[in-house]
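Student: Please see the structure below; I have some questions.
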Amino acid sequence: MGFVLLLWSYRPATAGHWAESWEAIESAVAGLSGIQAEFVQTKELSFLAAPLESRGNLYFSRPDALRWEYIQPVPSVLIMQGQNIDRYQRIEGVWQPDQSARLAGMQVVMQEIGRWLQGDFRANPDFNATLGPGPEITLVPKDEALQALITKIRLILARQAGVIDAVVIEEGAAGRTTIRFENVRINPMLDKRLFSDPERHR
């Protein structure tokens, strides 16, 4: 799946860039109660002639409810509520729980996503974060085991206060994952069932 970060705020951009300091970033997300966005995920692998593309939706409700939903090419859903992570796959038109061993790894990923959605970088126990140069945040894994999977994560910041345009996950010789976000909605009214039921609720 790769990692992802989205930060949104309803505050308008002011003179200069909104992410000129860590304090400015934390201020930009202070008014965040929820977000909704579409995403396009492109995965480049060294052994593939063409990238793999996936599309889906992201929903987040403060403080710790997150839904990461793939629509194409293979429907699947990851739902986080606090420390609980559930994954579902759509098989023959029916949502089936995924009990595979990889779910444990996904739990770590989802918890990181939830932390980043709230602008928590400096206290992150898993990554060293660097701000700049330019409108960008670079995250480098602290743990050697994680470094073997991810070289670094680049967060490309938009001009709009609190918005991140894209996330680029460098995976060394294995390849790269890029996630770009579209049709962002800030603080939308979200059905609570989005964070408990794999079916989509508007």
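Each chain of the structure tokens is named A, B, ... in the order shown, its residues numbered from 1; ligands are numbered from 1 in display order.
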Env of Ser196 (chain A): 12 Å cut, atoms = only C-alpha atoms, seq-sep filter 4 positions within chain, self excluded. Answer as an NGL selection string.
Tutor: :A and (65-67 or 77-82 or 84-88 or 191-192 or 200-201)
Student: Run DSSP on the backbone of this structure and report the residues of region 45-198 of chain A it assigns to alpha helix (DSSP H), as a PyMOL selection string.
Tutor: chain A and resi 103-117+144-147
Student: From a DSSP calculation on the backbone, collect every residue of region 30-184 of chain A in strand (DSSP E) and output the set as a count of residues only.
Tutor: 82
Student: What is the CA of Ser21 (chain A) to CA of Ile113 (chain A) distance in Å?
Tutor: 20.6 Å
Student: Tell me which of A:Val74, A:Ala37, A:Leu131, A:Ala30 sits closest to Leu157 (chain A), counting only C-alpha atoms.
Tutor: A:Leu131
Student: Measure the distance from CA of Arg55 (chain A) to CA of Glu92 (chain A) in Å and round it to one decimal.
Tutor: 19.7 Å
Student: Which residue is closest to Val29 (chain A)? Choose from A:Glu182, A:Glu69, A:Asp126, A:Asp120 and count only C-alpha atoms.
Tutor: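 That would be A:Asp120, the residue with the smallest distance to Val29 (chain A).
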Student: Can you measure CA of Ile91 (chain A) to CA of Pro75 (chain A) for me? One decimal in Å is fine.
Tutor: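 Value for the CA of Ile91 (chain A)-CA of Pro75 (chain A) distance: 8.6 Å.
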Student: Which of these, A:Ser54, A:Asn187, A:Gln99, A:Thr130, has the shortest distance to Gly34 (chain A) once you count only C-alpha atoms?
Tutor: A:Asn187
Student: Neighbours of Arg159 (chain A) within 9 Å (only C-alpha atoms; same-chain residues fewer than 5 positions away dropped), as a PyMOL selection string?
Tutor: chain A and resi 13+17-18+135+164-165
Student: May I ask which of the residues A:Leu139, A:Leu194, A:Ile169, A:Ala174 is the closest one to Pro125 (chain A), counting only C-alpha atoms?
Tutor: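 Of the candidates, the smallest distance to Pro125 (chain A) is held by A:Leu139.
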Student: Within 12 Å of region 40-50 of chain A, which residues of region 67-138 of chain A come that close, and what is the closest atom pair and distance in Å for each? Count only C-alpha atoms and give it as CSV.
Tutor:
```
residue,atom,partner,partner_atom,distance
A:Trp68,CA,A:Gln41,CA,11.9
A:Glu69,CA,A:Val40,CA,11.3
A:Tyr70,CA,A:Val40,CA,9.6
A:Ile71,CA,A:Val40,CA,10.3
A:Gln72,CA,A:Val40,CA,9.7
A:Pro73,CA,A:Gln41,CA,11.0
```
Student: Which is closer to Asn128 (chain A) than all the others in A:Arg193, A:Arg90, A:Arg185, A:Lys152, using only C-alpha atoms?
Tutor: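 Among A:Arg193, A:Arg90, A:Arg185, A:Lys152, it is A:Lys152 that comes nearest to Asn128 (chain A).
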